Amino acid sequence: MQVSRTAALHDRVAQAVIDRYDGLPGRAKPQGKAWTVLAGIVAERKGELEVIALATGTRCVGLAAMVAGGGQVMHDCHAEVLCRRAFHRFLLAEMAWQVGSQQEGHQALEVCALCIKIGTLTPAKMWFSCWCPFNNRGPRGVPSRKARKPILERLQGEELQFGLAADLHFYVSTLPCGECTLVPLQSSKEGTLARKLTEETEPVQLQDRNRTGAKPSRGMPTDPKADGIDFHRDGVLRYKSGRSDTRPDSQTVCYSCSDKLCRWNRLGWEGALLSRLLKEPLRMQSVVLGGCVYDAGFAHHALFGRGPPSASAAPTFCHTSVQFHASREAVEALPGFAKVSTAGLSLVWSAEPTGRTEALPNRSISNNVPGFYDILIGHTGQRQGLRNDRQAKRVAVSHEVDSWVSPLCKKLMAQDVLSCLRHMLGDEALADWILKTDDSERKRRRLSPALGAMPPAVGERAHAHFPSYAWLKEALSSGSFRAARAAFHASEPFCHWGRKQTMVFKDDAHGVDGFAVPIPPSREVKLPLAR
């Protein structure tokens, strides 16, 4: 189904994400009777749409694997979570490029002018590329036919902050798992009820609701599992679905996508690590949901209305009739008697940033796919490939990355954030910037023991101990973000939300987020903060 440019915006958003997915290589895409969920984030400027990030996936890992992974596995490989993580990586690259381009832009113009003078580049060809190291699909600072305006703008002032320069829209091909899935049903042939084997051939009118495999989380009342609409309980936090006979250590503690989306819509989509770098929380203008069942009021309540009263505007919730061809409904409609199943691999992609930056390592699995491209194994949270090809012996403190570790995992994301901050601020200013907040004195007293683990200068011996991910996440978050998070988690049902640093397994006392984050080595060129 192709959507015209005159179609409704939510249908165009859905079609744009599906078209971008279709343009990616076939690797990790479902085959046969396998199905998956697709999620994407789209930027809009004056009616023009650009897909920024997308992902597929339906699986997650258990608590034991989370702790054993030490921050090097993706805990949650559902499409919505992977898409947001890829979006964060794109934003980080945009920020680093903007700071770097402000310092290097005049140099690029001089070098490219030299390219023209010595005859390696004519003014006509200058619109496309040149050989100089400042080239960015067209010299930096020089217009390019493929150039686009960045979705972030560097704000003037001493503080390193950015503002949003485009409207954002979020699309997911089906109802997010958990609370949003429990929409009321009026017929036995709707939603999950249609998959039940019954003797009736015609729809039967009834009062029921859609089913979800997500289980009530720790501290929440269980589902009554009564007949009809009382099968599930409303308003409880839920863990993502899994087999009921799974061992306790293999059961997941990842909250449902409905709970996470509600939290992101209320607190902002940027998360803790990027909150200091943004002037205002990132919010979606619309949330576009696919699938065969939908209830606007129920979606608004599940994905925004829970928690304390909000001063921010809710996104517009829309239902699209554009069907994702690898969704469960589409695959079930295919001929054949084979049983449908979820795809085991997750595909992740994000767009190329406006310009190249030395601060963010190129961790994509393919140089032939523009932008960031990754494939993950859903039930392990690791990058697809042979785990045996990693090096067996390494030095105790190494900054090399095993081939099976995805750049989207918490450890590498934290390292990349620190690497970009170093690039933008410089070594000496980084520690001061972390402590410079509205509650800097309290944070200094609370976090000062870890300051000794800040990275040494180039050539000095590395410290044996590094700060934990939980420490970095708290240290890099803004005061306003922490205040909003505290208020949100003080209300029902989110006061029962178990944060990862408090979750422990067996004798491990550090919690899921207690793993150390090795500080990436300094780069020779450090750009100071523009005044």
# chains A, B, ... in the order shown; residues from 1 in each chain; ligands from 1
>>> closest_atom_pairs(of="region 191-244 of chain A", to="region 297-315 of chain A", cutoff="12 Å", atoms="only C-alpha atoms", output="tab-separated table")
residue	atom	partner	partner_atom	distance
A:Arg209	CA	A:Phe298	CA	11.5
A:Asn210	CA	A:Phe298	CA	11.8
A:Asp234	CA	A:Ala302	CA	9.6
A:Gly235	CA	A:Arg306	CA	7.9
A:Val236	CA	A:Arg306	CA	10.0
A:Leu237	CA	A:Ala302	CA	10.5
A:Arg238	CA	A:Ala302	CA	12.0
>>> residues_around(residues="Leu261 (chain A)", least_positions_apart="2", cutoff="10 Å", atoms="only C-alpha atoms", output="list in words")
Glu80, Val81, Pro176, Cys180, Ser256, Cys257, Ser258, Asp259, Arg263, Trp264, Asn265, Arg266, Leu267, Gly268, Trp269, Val287, Ala302, Leu303 and Phe304 of chain A
>>> write_last_selection(atoms="all heavy atoms", output="short mmCIF file (atom, residue, chain, number, x, y, z; two decimals), in the first residue's frame")
data_model
loop_
_atom_site.label_atom_id
_atom_site.label_comp_id
_atom_site.auth_asym_id
_atom_site.auth_seq_id
_atom_site.Cartn_x
_atom_site.Cartn_y
_atom_site.Cartn_z
N GLU A 80 10.60 -0.85 20.05
CA GLU A 80 10.48 0.50 20.58
C GLU A 80 11.74 0.91 21.34
O GLU A 80 12.20 2.06 21.23
CB GLU A 80 9.26 0.59 21.51
CG GLU A 80 7.92 0.33 20.82
CD GLU A 80 7.50 -1.14 20.89
OE1 GLU A 80 8.38 -2.01 20.90
OE2 GLU A 80 6.29 -1.40 20.94
N VAL A 81 12.30 -0.01 22.11
CA VAL A 81 13.48 0.30 22.92
C VAL A 81 14.72 0.46 22.04
O VAL A 81 15.50 1.40 22.22
CB VAL A 81 13.69 -0.80 23.97
CG1 VAL A 81 14.95 -0.55 24.79
CG2 VAL A 81 12.47 -0.90 24.88
N PRO A 176 1.84 -1.30 21.57
CA PRO A 176 2.95 -1.67 22.46
C PRO A 176 2.49 -2.67 23.52
O PRO A 176 1.36 -2.60 24.01
CB PRO A 176 3.36 -0.34 23.09
CG PRO A 176 2.87 0.71 22.14
CD PRO A 176 1.61 0.16 21.55
N CYS A 180 -1.26 -0.88 27.02
CA CYS A 180 -1.90 -0.38 25.81
C CYS A 180 -2.57 -1.49 25.01
O CYS A 180 -3.48 -1.22 24.22
CB CYS A 180 -0.85 0.33 24.94
SG CYS A 180 -1.52 1.23 23.54
N SER A 256 7.22 -3.43 30.44
CA SER A 256 6.54 -3.48 29.15
C SER A 256 6.76 -2.19 28.38
O SER A 256 7.06 -1.13 28.95
CB SER A 256 5.04 -3.71 29.35
OG SER A 256 4.43 -2.57 29.92
N CYS A 257 6.59 -2.27 27.07
CA CYS A 257 6.77 -1.08 26.23
C CYS A 257 5.74 -0.01 26.55
O CYS A 257 6.03 1.18 26.42
CB CYS A 257 6.69 -1.48 24.75
SG CYS A 257 8.09 -2.47 24.19
N SER A 258 4.54 -0.38 26.95
CA SER A 258 3.53 0.61 27.35
C SER A 258 4.02 1.42 28.54
O SER A 258 3.89 2.65 28.58
CB SER A 258 2.21 -0.08 27.69
OG SER A 258 1.63 -0.66 26.56
N ASP A 259 4.58 0.74 29.55
CA ASP A 259 5.09 1.44 30.72
C ASP A 259 6.26 2.35 30.35
O ASP A 259 6.36 3.48 30.83
CB ASP A 259 5.52 0.43 31.79
CG ASP A 259 4.37 -0.42 32.29
OD1 ASP A 259 3.22 0.04 32.21
OD2 ASP A 259 4.61 -1.55 32.74
N ARG A 263 6.50 6.55 30.38
CA ARG A 263 7.59 7.24 31.08
C ARG A 263 8.33 8.19 30.15
O ARG A 263 8.65 9.33 30.53
CB ARG A 263 8.54 6.18 31.64
CG ARG A 263 9.57 6.66 32.64
CD ARG A 263 10.28 5.47 33.24
NE ARG A 263 11.26 5.86 34.26
CZ ARG A 263 12.53 6.08 34.04
NH1 ARG A 263 13.01 5.94 32.80
NH2 ARG A 263 13.35 6.43 35.01
N TRP A 264 8.62 7.76 28.92
CA TRP A 264 9.32 8.63 27.98
C TRP A 264 8.46 9.82 27.59
O TRP A 264 8.98 10.94 27.46
CB TRP A 264 9.71 7.85 26.73
CG TRP A 264 10.58 6.66 26.99
CD1 TRP A 264 11.37 6.43 28.08
CD2 TRP A 264 10.74 5.53 26.14
NE1 TRP A 264 12.01 5.23 27.97
CE2 TRP A 264 11.64 4.64 26.79
CE3 TRP A 264 10.22 5.15 24.91
CZ2 TRP A 264 12.02 3.42 26.24
CZ3 TRP A 264 10.60 3.94 24.36
CH2 TRP A 264 11.49 3.08 25.01
N ASN A 265 7.18 9.60 27.37
CA ASN A 265 6.29 10.70 26.98
C ASN A 265 6.16 11.74 28.09
O ASN A 265 5.91 12.92 27.81
CB ASN A 265 4.91 10.16 26.61
CG ASN A 265 4.89 9.49 25.25
OD1 ASN A 265 5.66 9.85 24.36
ND2 ASN A 265 4.03 8.51 25.08
N ARG A 266 6.33 11.32 29.33
CA ARG A 266 6.20 12.25 30.45
C ARG A 266 7.52 12.91 30.81
O ARG A 266 7.55 14.10 31.12
CB ARG A 266 5.63 11.49 31.66
CG ARG A 266 4.23 10.94 31.44
CD ARG A 266 3.20 12.06 31.29
NE ARG A 266 3.07 12.80 32.53
CZ ARG A 266 2.23 12.46 33.51
NH1 ARG A 266 1.44 11.39 33.37
NH2 ARG A 266 2.16 13.18 34.60
N LEU A 267 8.61 12.17 30.80
CA LEU A 267 9.91 12.71 31.22
C LEU A 267 10.74 13.24 30.06
O LEU A 267 11.64 14.06 30.27
CB LEU A 267 10.71 11.63 31.96
CG LEU A 267 10.08 11.04 33.22
CD1 LEU A 267 11.02 10.01 33.85
CD2 LEU A 267 9.73 12.13 34.21
N GLY A 268 10.48 12.78 28.85
CA GLY A 268 11.28 13.16 27.70
C GLY A 268 11.98 11.96 27.11
O GLY A 268 12.35 11.02 27.82
N TRP A 269 12.16 11.97 25.80
CA TRP A 269 12.72 10.82 25.09
C TRP A 269 14.25 10.83 25.09
O TRP A 269 14.87 9.91 24.58
CB TRP A 269 12.22 10.81 23.64
CG TRP A 269 10.82 10.30 23.52
CD1 TRP A 269 9.68 10.90 23.98
CD2 TRP A 269 10.41 9.09 22.90
NE1 TRP A 269 8.59 10.12 23.70
CE2 TRP A 269 9.01 9.00 23.02
CE3 TRP A 269 11.09 8.07 22.24
CZ2 TRP A 269 8.27 7.93 22.51
CZ3 TRP A 269 10.35 7.00 21.72
CH2 TRP A 269 8.97 6.95 21.87
N VAL A 287 2.14 10.05 18.18
CA VAL A 287 2.47 8.63 18.31
C VAL A 287 1.52 7.87 17.40
O VAL A 287 0.30 7.90 17.61
CB VAL A 287 2.34 8.14 19.77
CG1 VAL A 287 2.56 6.64 19.86
CG2 VAL A 287 3.34 8.88 20.67
N ALA A 302 -2.93 4.81 28.51
CA ALA A 302 -1.85 3.85 28.73
C ALA A 302 -0.48 4.45 28.46
O ALA A 302 0.49 4.14 29.16
CB ALA A 302 -2.06 2.62 27.85
N LEU A 303 -0.37 5.33 27.46
CA LEU A 303 0.92 5.83 27.02
C LEU A 303 1.23 7.25 27.48
O LEU A 303 2.32 7.76 27.19
CB LEU A 303 1.02 5.76 25.50
CG LEU A 303 0.79 4.39 24.87
CD1 LEU A 303 0.94 4.46 23.36
CD2 LEU A 303 1.72 3.35 25.47
N PHE A 304 0.29 7.88 28.21
CA PHE A 304 0.55 9.22 28.71
C PHE A 304 -0.22 9.54 30.00
O PHE A 304 0.30 10.21 30.88
CB PHE A 304 0.19 10.27 27.66
CG PHE A 304 0.55 11.68 28.06
CD1 PHE A 304 1.84 12.15 27.86
CD2 PHE A 304 -0.38 12.52 28.64
CE1 PHE A 304 2.20 13.43 28.23
CE2 PHE A 304 -0.04 13.82 29.02
CZ PHE A 304 1.25 14.28 28.82
#
>>> select_by_dssp(residues="region 177-303 of chain A", states="strand (DSSP E or B)", output="JSON, numbers by chain")
{"A": [184, 185, 186, 187, 205, 206, 207, 208, 209, 215, 216, 238, 239, 255, 278, 286, 287, 288, 289]}
>>> residues_around(residues="Ala39 (chain A)", least_positions_apart="5", cutoff="7 Å", atoms="only C-alpha atoms", output="ChimeraX atom specification")
/A:54-56,79-80,83,171-173
>>> closest_residue(among="A:Ala214, A:Val13, A:Ala330, A:Leu425", to="Phe170 (chain A)", atoms="only C-alpha atoms")
A:Val13
>>> atom_distance(atom1="CA of Val37 (chain A)", atom2="CA of Thr174 (chain A)")
6.8 Å
>>> residues_around(residues="region 355-362 of chain A", least_positions_apart="6", cutoff="8 Å", atoms="only C-alpha atoms", output="list in words")
Leu92, Ala93, Glu94, Ala96, Trp97, Gly100, Asn136, Arg140, Phe372, Asp416, Ser419, Cys420 and His423 of chain A
>>> write_last_selection(atoms="N, CA, C and O atoms", output="PDB file, in the first residue's frame")
ATOM      1  N   LEU A  92      23.620  12.094  19.552  1.00  0.00           N
ATOM      2  CA  LEU A  92      24.971  12.289  20.050  1.00  0.00           C
ATOM      3  C   LEU A  92      25.917  12.676  18.922  1.00  0.00           C
ATOM      4  O   LEU A  92      26.762  13.577  19.064  1.00  0.00           O
ATOM      5  N   ALA A  93      25.782  12.020  17.778  1.00  0.00           N
ATOM      6  CA  ALA A  93      26.619  12.358  16.629  1.00  0.00           C
ATOM      7  C   ALA A  93      26.322  13.765  16.127  1.00  0.00           C
ATOM      8  O   ALA A  93      27.240  14.506  15.736  1.00  0.00           O
ATOM      9  N   GLU A  94      25.052  14.157  16.121  1.00  0.00           N
ATOM     10  CA  GLU A  94      24.685  15.515  15.697  1.00  0.00           C
ATOM     11  C   GLU A  94      25.315  16.562  16.606  1.00  0.00           C
ATOM     12  O   GLU A  94      25.835  17.580  16.140  1.00  0.00           O
ATOM     13  N   ALA A  96      28.014  16.305  18.577  1.00  0.00           N
ATOM     14  CA  ALA A  96      29.470  16.356  18.420  1.00  0.00           C
ATOM     15  C   ALA A  96      29.858  17.032  17.116  1.00  0.00           C
ATOM     16  O   ALA A  96      30.838  17.794  17.063  1.00  0.00           O
ATOM     17  N   TRP A  97      29.114  16.764  16.056  1.00  0.00           N
ATOM     18  CA  TRP A  97      29.445  17.389  14.774  1.00  0.00           C
ATOM     19  C   TRP A  97      29.250  18.902  14.824  1.00  0.00           C
ATOM     20  O   TRP A  97      30.071  19.659  14.295  1.00  0.00           O
ATOM     21  N   GLY A 100      32.113  20.516  16.674  1.00  0.00           N
ATOM     22  CA  GLY A 100      33.325  20.431  15.875  1.00  0.00           C
ATOM     23  C   GLY A 100      33.289  21.292  14.636  1.00  0.00           C
ATOM     24  O   GLY A 100      34.287  21.921  14.272  1.00  0.00           O
ATOM     25  N   ASN A 136      32.641  16.211   3.679  1.00  0.00           N
ATOM     26  CA  ASN A 136      31.524  15.540   4.334  1.00  0.00           C
ATOM     27  C   ASN A 136      30.379  15.450   3.339  1.00  0.00           C
ATOM     28  O   ASN A 136      29.358  16.108   3.458  1.00  0.00           O
ATOM     29  N   ARG A 140      32.599  20.664   4.347  1.00  0.00           N
ATOM     30  CA  ARG A 140      31.911  21.228   5.493  1.00  0.00           C
ATOM     31  C   ARG A 140      31.869  22.744   5.359  1.00  0.00           C
ATOM     32  O   ARG A 140      32.873  23.387   5.095  1.00  0.00           O
ATOM     33  N   PHE A 372      24.047   4.332  10.722  1.00  0.00           N
ATOM     34  CA  PHE A 372      24.397   3.269  11.665  1.00  0.00           C
ATOM     35  C   PHE A 372      23.493   2.067  11.422  1.00  0.00           C
ATOM     36  O   PHE A 372      22.275   2.198  11.318  1.00  0.00           O
ATOM     37  N   ASP A 416      30.567   6.181  24.659  1.00  0.00           N
ATOM     38  CA  ASP A 416      30.457   7.097  23.526  1.00  0.00           C
ATOM     39  C   ASP A 416      30.001   8.488  23.980  1.00  0.00           C
ATOM     40  O   ASP A 416      30.420   9.503  23.417  1.00  0.00           O
ATOM     41  N   SER A 419      33.076  10.048  25.382  1.00  0.00           N
ATOM     42  CA  SER A 419      33.994  10.383  24.297  1.00  0.00           C
ATOM     43  C   SER A 419      33.574  11.671  23.600  1.00  0.00           C
ATOM     44  O   SER A 419      34.405  12.537  23.297  1.00  0.00           O
ATOM     45  N   CYS A 420      32.281  11.814  23.348  1.00  0.00           N
ATOM     46  CA  CYS A 420      31.784  13.025  22.694  1.00  0.00           C
ATOM     47  C   CYS A 420      31.905  14.239  23.611  1.00  0.00           C
ATOM     48  O   CYS A 420      32.234  15.343  23.158  1.00  0.00           O
ATOM     49  N   HIS A 423      35.376  15.371  23.512  1.00  0.00           N
ATOM     50  CA  HIS A 423      35.639  16.041  22.239  1.00  0.00           C
ATOM     51  C   HIS A 423      35.094  17.465  22.269  1.00  0.00           C
ATOM     52  O   HIS A 423      35.725  18.390  21.734  1.00  0.00           O
TER      53      HIS A 423
END
>>> closest_residue(among="A:Ser250, A:Thr354, A:Ser275, A:Asn368", to="Val417 (chain A)", atoms="only C-alpha atoms")
A:Ser275
>>> atom_distance(atom1="CA of Arg84 (chain A)", atom2="CA of Pro493 (chain A)")
23.2 Å
>>> select_by_dssp(residues="region 223-440 of chain A", states="helix (DSSP H, G or I)", output="MDAnalysis selection string")
chainID A and resid 228:230 248:250 257:267 271:275 296:305 328:332 387:389 410:425 427:435 440
>>> closest_residue(among="A:Leu376, A:Cys292, A:Leu152, A:Ala28", to="Cys409 (chain A)", atoms="only C-alpha atoms")
A:Leu376
>>> decode(residues="region 237-275 of chain A", atoms="N, CA and C atoms", output="PDB file, in the first residue's frame")
ATOM      1  N   LEU A 237       1.875  -2.063  36.551  1.00  0.00           N
ATOM      2  CA  LEU A 237       3.116  -2.191  35.797  1.00  0.00           C
ATOM      3  C   LEU A 237       3.324  -3.657  35.425  1.00  0.00           C
ATOM      4  N   ARG A 238       3.890  -3.882  34.268  1.00  0.00           N
ATOM      5  CA  ARG A 238       4.049  -5.256  33.784  1.00  0.00           C
ATOM      6  C   ARG A 238       5.453  -5.471  33.239  1.00  0.00           C
ATOM      7  N   TYR A 239       5.942  -6.702  33.462  1.00  0.00           N
ATOM      8  CA  TYR A 239       7.159  -7.150  32.803  1.00  0.00           C
ATOM      9  C   TYR A 239       6.793  -7.705  31.434  1.00  0.00           C
ATOM     10  N   LYS A 240       7.762  -7.669  30.527  1.00  0.00           N
ATOM     11  CA  LYS A 240       7.516  -8.189  29.194  1.00  0.00           C
ATOM     12  C   LYS A 240       7.210  -9.684  29.237  1.00  0.00           C
ATOM     13  N   SER A 241       6.527 -10.138  28.207  1.00  0.00           N
ATOM     14  CA  SER A 241       6.028 -11.509  28.184  1.00  0.00           C
ATOM     15  C   SER A 241       7.162 -12.519  28.101  1.00  0.00           C
ATOM     16  N   GLY A 242       6.883 -13.718  28.565  1.00  0.00           N
ATOM     17  CA  GLY A 242       7.831 -14.822  28.525  1.00  0.00           C
ATOM     18  C   GLY A 242       7.121 -16.101  28.916  1.00  0.00           C
ATOM     19  N   ARG A 243       7.780 -17.213  28.777  1.00  0.00           N
ATOM     20  CA  ARG A 243       7.193 -18.499  29.123  1.00  0.00           C
ATOM     21  C   ARG A 243       6.943 -18.576  30.629  1.00  0.00           C
ATOM     22  N   SER A 244       5.783 -19.127  31.001  1.00  0.00           N
ATOM     23  CA  SER A 244       5.435 -19.235  32.417  1.00  0.00           C
ATOM     24  C   SER A 244       6.297 -20.256  33.139  1.00  0.00           C
ATOM     25  N   ASP A 245       6.837 -21.231  32.410  1.00  0.00           N
ATOM     26  CA  ASP A 245       7.639 -22.269  33.048  1.00  0.00           C
ATOM     27  C   ASP A 245       9.129 -21.945  33.035  1.00  0.00           C
ATOM     28  N   THR A 246       9.481 -20.709  32.716  1.00  0.00           N
ATOM     29  CA  THR A 246      10.881 -20.311  32.688  1.00  0.00           C
ATOM     30  C   THR A 246      11.443 -20.246  34.109  1.00  0.00           C
ATOM     31  N   ARG A 247      12.682 -20.663  34.270  1.00  0.00           N
ATOM     32  CA  ARG A 247      13.332 -20.585  35.573  1.00  0.00           C
ATOM     33  C   ARG A 247      13.371 -19.137  36.051  1.00  0.00           C
ATOM     34  N   PRO A 248      13.318 -18.915  37.379  1.00  0.00           N
ATOM     35  CA  PRO A 248      13.303 -17.537  37.887  1.00  0.00           C
ATOM     36  C   PRO A 248      14.478 -16.697  37.404  1.00  0.00           C
ATOM     37  N   ASP A 249      15.684 -17.302  37.304  1.00  0.00           N
ATOM     38  CA  ASP A 249      16.834 -16.520  36.879  1.00  0.00           C
ATOM     39  C   ASP A 249      16.797 -16.169  35.400  1.00  0.00           C
ATOM     40  N   SER A 250      15.932 -16.843  34.626  1.00  0.00           N
ATOM     41  CA  SER A 250      15.812 -16.564  33.200  1.00  0.00           C
ATOM     42  C   SER A 250      14.615 -15.671  32.879  1.00  0.00           C
ATOM     43  N   GLN A 251      13.816 -15.355  33.887  1.00  0.00           N
ATOM     44  CA  GLN A 251      12.671 -14.483  33.660  1.00  0.00           C
ATOM     45  C   GLN A 251      13.143 -13.042  33.550  1.00  0.00           C
ATOM     46  N   THR A 252      12.494 -12.296  32.690  1.00  0.00           N
ATOM     47  CA  THR A 252      12.914 -10.926  32.447  1.00  0.00           C
ATOM     48  C   THR A 252      12.346  -9.974  33.498  1.00  0.00           C
ATOM     49  N   VAL A 253      13.057  -8.893  33.730  1.00  0.00           N
ATOM     50  CA  VAL A 253      12.566  -7.819  34.583  1.00  0.00           C
ATOM     51  C   VAL A 253      12.482  -6.525  33.776  1.00  0.00           C
ATOM     52  N   CYS A 254      12.402  -6.652  32.448  1.00  0.00           N
ATOM     53  CA  CYS A 254      12.222  -5.497  31.566  1.00  0.00           C
ATOM     54  C   CYS A 254      10.753  -5.098  31.584  1.00  0.00           C
ATOM     55  N   TYR A 255      10.487  -3.847  31.876  1.00  0.00           N
ATOM     56  CA  TYR A 255       9.105  -3.387  31.915  1.00  0.00           C
ATOM     57  C   TYR A 255       8.524  -3.319  30.509  1.00  0.00           C
ATOM     58  N   SER A 256       7.224  -3.430  30.441  1.00  0.00           N
ATOM     59  CA  SER A 256       6.540  -3.480  29.148  1.00  0.00           C
ATOM     60  C   SER A 256       6.762  -2.188  28.378  1.00  0.00           C
ATOM     61  N   CYS A 257       6.588  -2.265  27.071  1.00  0.00           N
ATOM     62  CA  CYS A 257       6.770  -1.080  26.226  1.00  0.00           C
ATOM     63  C   CYS A 257       5.737  -0.005  26.545  1.00  0.00           C
ATOM     64  N   SER A 258       4.535  -0.384  26.955  1.00  0.00           N
ATOM     65  CA  SER A 258       3.533   0.613  27.352  1.00  0.00           C
ATOM     66  C   SER A 258       4.021   1.424  28.543  1.00  0.00           C
ATOM     67  N   ASP A 259       4.583   0.739  29.545  1.00  0.00           N
ATOM     68  CA  ASP A 259       5.091   1.443  30.718  1.00  0.00           C
ATOM     69  C   ASP A 259       6.264   2.346  30.350  1.00  0.00           C
ATOM     70  N   LYS A 260       7.155   1.860  29.501  1.00  0.00           N
ATOM     71  CA  LYS A 260       8.315   2.665  29.105  1.00  0.00           C
ATOM     72  C   LYS A 260       7.900   3.856  28.252  1.00  0.00           C
ATOM     73  N   LEU A 261       6.979   3.648  27.328  1.00  0.00           N
ATOM     74  CA  LEU A 261       6.527   4.758  26.486  1.00  0.00           C
ATOM     75  C   LEU A 261       5.835   5.835  27.315  1.00  0.00           C
ATOM     76  N   CYS A 262       5.060   5.421  28.305  1.00  0.00           N
ATOM     77  CA  CYS A 262       4.421   6.396  29.187  1.00  0.00           C
ATOM     78  C   CYS A 262       5.477   7.212  29.918  1.00  0.00           C
ATOM     79  N   ARG A 263       6.504   6.552  30.380  1.00  0.00           N
ATOM     80  CA  ARG A 263       7.593   7.240  31.083  1.00  0.00           C
ATOM     81  C   ARG A 263       8.331   8.194  30.153  1.00  0.00           C
ATOM     82  N   TRP A 264       8.624   7.762  28.924  1.00  0.00           N
ATOM     83  CA  TRP A 264       9.324   8.634  27.976  1.00  0.00           C
ATOM     84  C   TRP A 264       8.464   9.820  27.586  1.00  0.00           C
ATOM     85  N   ASN A 265       7.183   9.603  27.373  1.00  0.00           N
ATOM     86  CA  ASN A 265       6.295  10.699  26.984  1.00  0.00           C
ATOM     87  C   ASN A 265       6.161  11.736  28.091  1.00  0.00           C
ATOM     88  N   ARG A 266       6.326  11.318  29.332  1.00  0.00           N
ATOM     89  CA  ARG A 266       6.197  12.249  30.448  1.00  0.00           C
ATOM     90  C   ARG A 266       7.523  12.913  30.810  1.00  0.00           C
ATOM     91  N   LEU A 267       8.613  12.170  30.799  1.00  0.00           N
ATOM     92  CA  LEU A 267       9.908  12.709  31.219  1.00  0.00           C
ATOM     93  C   LEU A 267      10.743  13.236  30.062  1.00  0.00           C
ATOM     94  N   GLY A 268      10.476  12.779  28.855  1.00  0.00           N
ATOM     95  CA  GLY A 268      11.283  13.157  27.699  1.00  0.00           C
ATOM     96  C   GLY A 268      11.975  11.955  27.106  1.00  0.00           C
ATOM     97  N   TRP A 269      12.156  11.968  25.804  1.00  0.00           N
ATOM     98  CA  TRP A 269      12.724  10.824  25.087  1.00  0.00           C
ATOM     99  C   TRP A 269      14.246  10.829  25.094  1.00  0.00           C
ATOM    100  N   GLU A 270      14.874  11.858  25.672  1.00  0.00           N
ATOM    101  CA  GLU A 270      16.336  11.949  25.621  1.00  0.00           C
ATOM    102  C   GLU A 270      17.015  11.090  26.678  1.00  0.00           C
ATOM    103  N   GLY A 271      16.314  10.729  27.746  1.00  0.00           N
ATOM    104  CA  GLY A 271      16.922   9.914  28.781  1.00  0.00           C
ATOM    105  C   GLY A 271      17.864  10.709  29.669  1.00  0.00           C
ATOM    106  N   ALA A 272      18.428  10.035  30.668  1.00  0.00           N
ATOM    107  CA  ALA A 272      19.279  10.710  31.648  1.00  0.00           C
ATOM    108  C   ALA A 272      20.606  11.157  31.050  1.00  0.00           C
ATOM    109  N   LEU A 273      21.241  10.327  30.227  1.00  0.00           N
ATOM    110  CA  LEU A 273      22.590  10.622  29.744  1.00  0.00           C
ATOM    111  C   LEU A 273      22.655  11.869  28.875  1.00  0.00           C
ATOM    112  N   LEU A 274      21.577  12.196  28.174  1.00  0.00           N
ATOM    113  CA  LEU A 274      21.581  13.350  27.271  1.00  0.00           C
ATOM    114  C   LEU A 274      20.801  14.533  27.830  1.00  0.00           C
ATOM    115  N   SER A 275      20.242  14.408  29.026  1.00  0.00           N
ATOM    116  CA  SER A 275      19.342  15.449  29.530  1.00  0.00           C
ATOM    117  C   SER A 275      20.056  16.770  29.776  1.00  0.00           C
TER     118      SER A 275
END
